[in-house]
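Quick notes on the structure that follows.
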Amino acid sequence: MTARKMLNKVPEITLFFWVIKIMCTTVGETAADYVNDNLGFGLVNTTYVAGAILAMLLLVQFSLRRYLAPAYWAVVVVISVFGTLITDNMSDLHNVPLTTSTPIFAAILAVVFGIWYAVERTLSIHTIFTRRREAFYWLAILFTFALGTAAGDLVAEKFSLGYGPSIAIWAGGIAAITVAHYALRMNAVLSFWLAYILTRPLGASIGDFMSQHSHKYGGLGLGTTGTSYIFLGCILALVTFLSITKRDQSSTPELEAA
């Protein structure tokens, strides 16, 4: 096989990474509702549009030989929307209960991780320097969003806890993982993926809290339009900052992969 050199295709895991990731998940929740309801596309057409945009962005991402912040985070934003729509289609169009879709997505994600590890012998995001590993990475990301959407909706609505308490629950889960990693020496790769999964329902709960206004579930009532624009503006500002400062880029030299 022809050897090729690529830099790691994902950013370094810094505070900037987690802040942007959570905001992307929030946009995934609100933007899907905005296009579906406010623009009148409908759930099916919104899914087709998001899928087409995601396919084009992934083509750009895969064509690159190194991490590029605008390209990478554009994929994360749209894959967040598409992952949300997968869950919404199952729930709204096919009447699959959240109590069913949540374990289904958890099982699919476990299978993705299992195959990824069996083929590559690692799940570390610090070694995404081949096309195959990048494909596994984005497939796992997609199902973390689908799983997070289902789990977040299940806790917030089906268990009638409301958006505010849901934010506290998911943030507390991430805090517990952080403590387990730094204080109890939990495996770094396991810690990352557990936290990554929980940021999806956290971001979704934040998005619902800001956009919705319900006597039962709470919320600020800013609407999906305003909430989406606020978070998209913040993401754009942070990605521009990182593109200039390079604070999220690895200093690791080029890695050679077959």
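Quick note on naming: the chains in the structure tokens go A, B, ... in the order shown, residues restart at 1 in each chain, and ligands are numbered from 1 in order of appearance.
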
How close does stretch 104-169 of chain A get to stretch 81-89 of chain A? List, as a Markdown table, each residue of stretch 104-169 of chain A within 7 Å, its nearest atom pair and the distance in Å to one decimal, counting only C-alpha atoms.
| residue | atom | partner | partner_atom | distance |
| --- | --- | --- | --- | --- |
| A:Leu142 | CA | A:Gly83 | CA | 5.7 |
| A:Phe143 | CA | A:Gly83 | CA | 6.7 |
| A:Phe145 | CA | A:Gly83 | CA | 5.0 |
| A:Ala146 | CA | A:Gly83 | CA | 4.5 |
| A:Thr149 | CA | A:Thr84 | CA | 5.8 |
| A:Ala150 | CA | A:Thr87 | CA | 6.2 |

Report task. Quick one: pick out all helix (DSSP H, G or I) residues within stretch 112-216 of chain A from a backbone DSSP run and write them as an NGL selection string. Result -> :A and (112-120 or 125-127 or 131-158 or 163-184 or 188-211)

**Report entry** Residues near A:Phe16, cut-off 12 Å, only C-alpha atoms, skip fewer than 5 positions along chain, as a PyMOL selection string
**Finding:** chain A and resi 11+21-23+69+73+234-235+237-243+245-249

Query raised in the report: Which residue gives the smallest distance to A:Leu54 among A:Ser80, A:Thr199, A:Thr102, A:Ser124, with only C-alpha atoms counted?
Result: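 Using only C-alpha atoms, A:Leu54 sits closest to A:Ser80.
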
Query raised in the report: Could you pull the residues within 8 Å of A:Asp208, counting only C-alpha atoms, minus those fewer than 6 positions along the same chain, as a ChimeraX atom specification?
Result: /A:29-30,163,219

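The residue that comes closest to A:Ala31, out of A:Thr99, A:Thr224, A:Asn8, A:Thr14 and on the basis of only C-alpha atoms, is A:Thr224.
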
Report task. Write out as a PyMOL selection string which residues come within 10 Å of A:Ile141 when counting only C-alpha atoms, dropping same-chain ones fewer than 2 positions away. Result -> chain A and resi 76+79-80+83+109+135-139+143-147+193+196-197

Given the selection you just returned, output its residues as a file containing C-alpha atoms, formatted as a CSV table (one decimal), in the first residue's frame.
chain,number,residue,atom,x,y,z
A,76,VAL,CA,-19.6,19.1,13.8
A,79,ILE,CA,-23.6,16.4,12.0
A,80,SER,CA,-25.2,17.6,15.2
A,83,GLY,CA,-27.9,13.4,14.4
A,109,LEU,CA,-22.5,3.3,19.1
A,135,ALA,CA,-14.3,7.5,8.9
A,136,PHE,CA,-14.7,5.6,12.2
A,137,TYR,CA,-14.3,8.9,14.1
A,138,TRP,CA,-17.1,10.6,12.2
A,139,LEU,CA,-19.4,7.6,12.3
A,143,PHE,CA,-24.2,8.3,16.8
A,144,THR,CA,-23.1,10.2,19.9
A,145,PHE,CA,-25.4,13.0,18.7
A,146,ALA,CA,-28.3,10.6,17.9
A,147,LEU,CA,-27.9,8.9,21.3
A,193,TRP,CA,-15.9,9.5,24.9
A,196,TYR,CA,-18.4,13.6,24.6
A,197,ILE,CA,-21.6,11.6,24.7

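Between atom CA of A:Ala106 and atom CA of A:Phe62 the interatomic distance comes to 26.1 Å.
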
Query raised in the report: Of the candidates A:Val10, A:Val111, A:Leu222, A:Ile169, which shows the shortest atom-to-atom distance to A:Phe129, using only C-alpha atoms?
Result: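 Closest to A:Phe129 of all the choices is A:Val10.
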
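When only C-alpha atoms are used to measure the gap to A:Ile230, the shortest distance among A:Met56, A:Leu43, A:Ile108, A:Val27 belongs to A:Val27.
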
**Report entry** Computed interatomic separation between atom CA of A:Val155 and atom CA of A:Arg185 (Å)
**Finding:** 28.9 Å

**Report entry** Spatial neighbours of A:Lys9, max dist 9 Å, only C-alpha atoms, sep filter under 6 positions, as a PyMOL selection string
**Finding:** chain A and resi 61-62+64-68+72+125-130+134

Query raised in the report: Counting only C-alpha atoms, what is within 12 Å of A:Gly207, bar same-chain residues fewer than 3 positions away, as a ChimeraX atom specification?
Result: /A:22-34,149,152-153,156,163-164,166-167,199-204,210-213,218-231
